[in-house]
Amino acid sequence: MMLISLLCATVLLAANFVTAQNVHSNVIKISAAVDDSEGSGSVEYFRLWTLGKTSRFQVGVGARLTSYFVSQQYYTSAPAALANDDTKVDSFLIQRPQVNALCLAVYLGYRVLGKLDAGFNIDVIGFSFGAVSSGAYLSGSSGSATVASPSSFNVLLVGNNDKGTLNSEFYLRYFMNERWALKAAFQYLFTENTTDTEIQLLPERNDRFRNKSGLFSLGITRTF
C-alpha cells in the first residue's frame, strides 16, 4: 500500500500547488488495442494540472474502464510467492476470458512540443467484473476442468504483488487543434481470474491466475 500512498500523495500535492493558478484541463479518452488473438478497449476521464513556469509538466487523476477479450488465453499462478519462482507456477487455460476493470488512475505527462506530449498512466485501485469462463487447469502432465471469473478487487502493489486487473500506458499525443488529439501508446495490461475452488494445491493452495499482455493501442482524446 506504500506505493499507492506515495503516488496519490505526489499527485495531490502537485494538484494543490497549482490549483491556486487554476491551470487544469479535463480530458476524455477512448482507445483500443488489437493483435492476432487478443484485444482491449478503454474509456477514461481524467483531470490534468500543469506544473512549472512553462506549464510543460502535467499530473492528474482520473477513472478508467478497461475491457479485455480473447478467444483463449493461458493464465499462470498469480500470488507473488508462486509467480516469483518458475518451479511453483502452474497454468490455467481459459476459453474466451472477458474482463472489465473500473479503476482510479494517476497520470504523469510532459509537453514535448507545441502539439506533442508524452506521458505515463497507471491504475491504482478499483474493481473488476465479467463473464464466467470454462478452462483447464494444467500442472505438469495432469490437468482438470474448472471455471473462473474475474478477480473482483484490483490494487497496485508493485509487480507480482499486484492483485486483480490493472492497466498502464506509455503514450504520445498529437494535438490536431486545441481540443482534439490522436494518441498512440504501449499498453501493459494485467488481467486476473479466480477459479471457483482452490484448484492449485502445491506448493500452496491457490485460486488466482494472471495474464500479462503488452499491446499497442490507438485512441483519441478531447480536452475541455
# chains A, B, ... in the order shown; residues from 1 in each chain; ligands from 1

call {"tool": "closest_atom_pairs", "arguments": {"of": "range 32-138 of chain A", "to": "range 208-221 of chain A", "cutoff": "9 Å", "atoms": "only C-alpha atoms", "output": "tab-separated table"}}
result
residue	atom	partner	partner_atom	distance
A:Ala32	CA	A:Ser217	CA	5.4
A:Ala33	CA	A:Ser217	CA	4.2
A:Val34	CA	A:Leu215	CA	7.2
A:Asp35	CA	A:Leu215	CA	7.4
A:Glu38	CA	A:Ser213	CA	8.8
A:Gly39	CA	A:Leu215	CA	7.9
A:Ser40	CA	A:Leu215	CA	8.5
A:Gly41	CA	A:Ser217	CA	8.7
A:Gln73	CA	A:Asn211	CA	7.9
A:Tyr74	CA	A:Asn211	CA	7.0
A:Tyr75	CA	A:Asn211	CA	4.9
A:Thr76	CA	A:Phe209	CA	4.9
A:Ser77	CA	A:Phe209	CA	4.6
A:Ala78	CA	A:Phe209	CA	4.7
A:Pro79	CA	A:Arg208	CA	7.0
A:Asp90	CA	A:Phe209	CA	8.8
A:Ser91	CA	A:Phe209	CA	7.7
A:Phe92	CA	A:Phe209	CA	7.0

call {"tool": "write_last_selection", "arguments": {"atoms": "N, CA and C atoms", "output": "mmCIF file, in the first residue's frame"}}
result
data_model
loop_
_atom_site.group_PDB
_atom_site.id
_atom_site.type_symbol
_atom_site.label_atom_id
_atom_site.label_comp_id
_atom_site.auth_asym_id
_atom_site.auth_seq_id
_atom_site.Cartn_x
_atom_site.Cartn_y
_atom_site.Cartn_z
ATOM 1 N N ALA A 32 -8.264 1.744 -28.241
ATOM 2 C CA ALA A 32 -8.439 0.315 -28.479
ATOM 3 C C ALA A 32 -7.112 -0.281 -28.919
ATOM 4 N N ALA A 33 -6.930 -1.560 -28.576
ATOM 5 C CA ALA A 33 -5.733 -2.300 -28.962
ATOM 6 C C ALA A 33 -6.152 -3.696 -29.409
ATOM 7 N N VAL A 34 -5.616 -4.149 -30.546
ATOM 8 C CA VAL A 34 -5.966 -5.467 -31.069
ATOM 9 C C VAL A 34 -4.722 -6.073 -31.710
ATOM 10 N N ASP A 35 -4.491 -7.380 -31.457
ATOM 11 C CA ASP A 35 -3.490 -8.108 -32.236
ATOM 12 C C ASP A 35 -4.144 -9.375 -32.776
ATOM 13 N N GLU A 38 -5.905 -11.270 -29.258
ATOM 14 C CA GLU A 38 -6.458 -10.601 -28.088
ATOM 15 C C GLU A 38 -6.625 -9.111 -28.364
ATOM 16 N N GLY A 39 -7.417 -8.462 -27.511
ATOM 17 C CA GLY A 39 -7.632 -7.040 -27.681
ATOM 18 C C GLY A 39 -8.186 -6.415 -26.421
ATOM 19 N N SER A 40 -8.182 -5.098 -26.404
ATOM 20 C CA SER A 40 -8.727 -4.367 -25.269
ATOM 21 C C SER A 40 -9.283 -3.041 -25.753
ATOM 22 N N GLY A 41 -10.171 -2.487 -24.957
ATOM 23 C CA GLY A 41 -10.707 -1.160 -25.204
ATOM 24 C C GLY A 41 -10.814 -0.427 -23.879
ATOM 25 N N GLN A 73 -6.750 -18.029 -23.586
ATOM 26 C CA GLN A 73 -5.527 -17.451 -23.048
ATOM 27 C C GLN A 73 -5.009 -18.305 -21.902
ATOM 28 N N TYR A 74 -3.673 -18.458 -21.847
ATOM 29 C CA TYR A 74 -3.032 -19.111 -20.710
ATOM 30 C C TYR A 74 -2.836 -18.096 -19.584
ATOM 31 N N TYR A 75 -3.313 -18.440 -18.415
ATOM 32 C CA TYR A 75 -3.076 -17.669 -17.195
ATOM 33 C C TYR A 75 -2.158 -18.494 -16.286
ATOM 34 N N THR A 76 -1.323 -17.824 -15.501
ATOM 35 C CA THR A 76 -0.400 -18.520 -14.613
ATOM 36 C C THR A 76 -0.621 -18.089 -13.172
ATOM 37 N N SER A 77 -0.103 -18.861 -12.250
ATOM 38 C CA SER A 77 -0.285 -18.618 -10.814
ATOM 39 C C SER A 77 0.050 -17.167 -10.477
ATOM 40 N N ALA A 78 -0.879 -16.471 -9.804
ATOM 41 C CA ALA A 78 -0.738 -15.037 -9.583
ATOM 42 C C ALA A 78 -0.034 -14.638 -8.297
ATOM 43 N N PRO A 79 -0.243 -15.299 -7.151
ATOM 44 C CA PRO A 79 0.387 -14.833 -5.920
ATOM 45 C C PRO A 79 1.901 -14.735 -6.051
ATOM 46 N N ASP A 90 1.891 -22.913 -11.965
ATOM 47 C CA ASP A 90 1.026 -23.750 -12.785
ATOM 48 C C ASP A 90 0.234 -22.867 -13.742
ATOM 49 N N SER A 91 -0.399 -23.494 -14.727
ATOM 50 C CA SER A 91 -1.117 -22.752 -15.761
ATOM 51 C C SER A 91 -2.601 -23.088 -15.747
ATOM 52 N N PHE A 92 -3.365 -22.147 -16.261
ATOM 53 C CA PHE A 92 -4.808 -22.325 -16.376
ATOM 54 C C PHE A 92 -5.221 -21.786 -17.740
#

call {"tool": "select_by_dssp", "arguments": {"residues": "range 38-219 of chain A", "states": "alpha helix (DSSP H)", "output": "list in words"}}
result
Ala80, Ala81, Leu82 and Ala83 of chain A

call {"tool": "closest_residue", "arguments": {"among": "A:Arg222, A:Ala81, A:Phe129, A:Ala105", "to": "Arg179 in chain A", "atoms": "only C-alpha atoms"}}
result
A:Arg222

call {"tool": "atom_distance", "arguments": {"atom1": "CA of Ser128 in chain A", "atom2": "CA of Gly164 in chain A"}}
result
7.4 Å
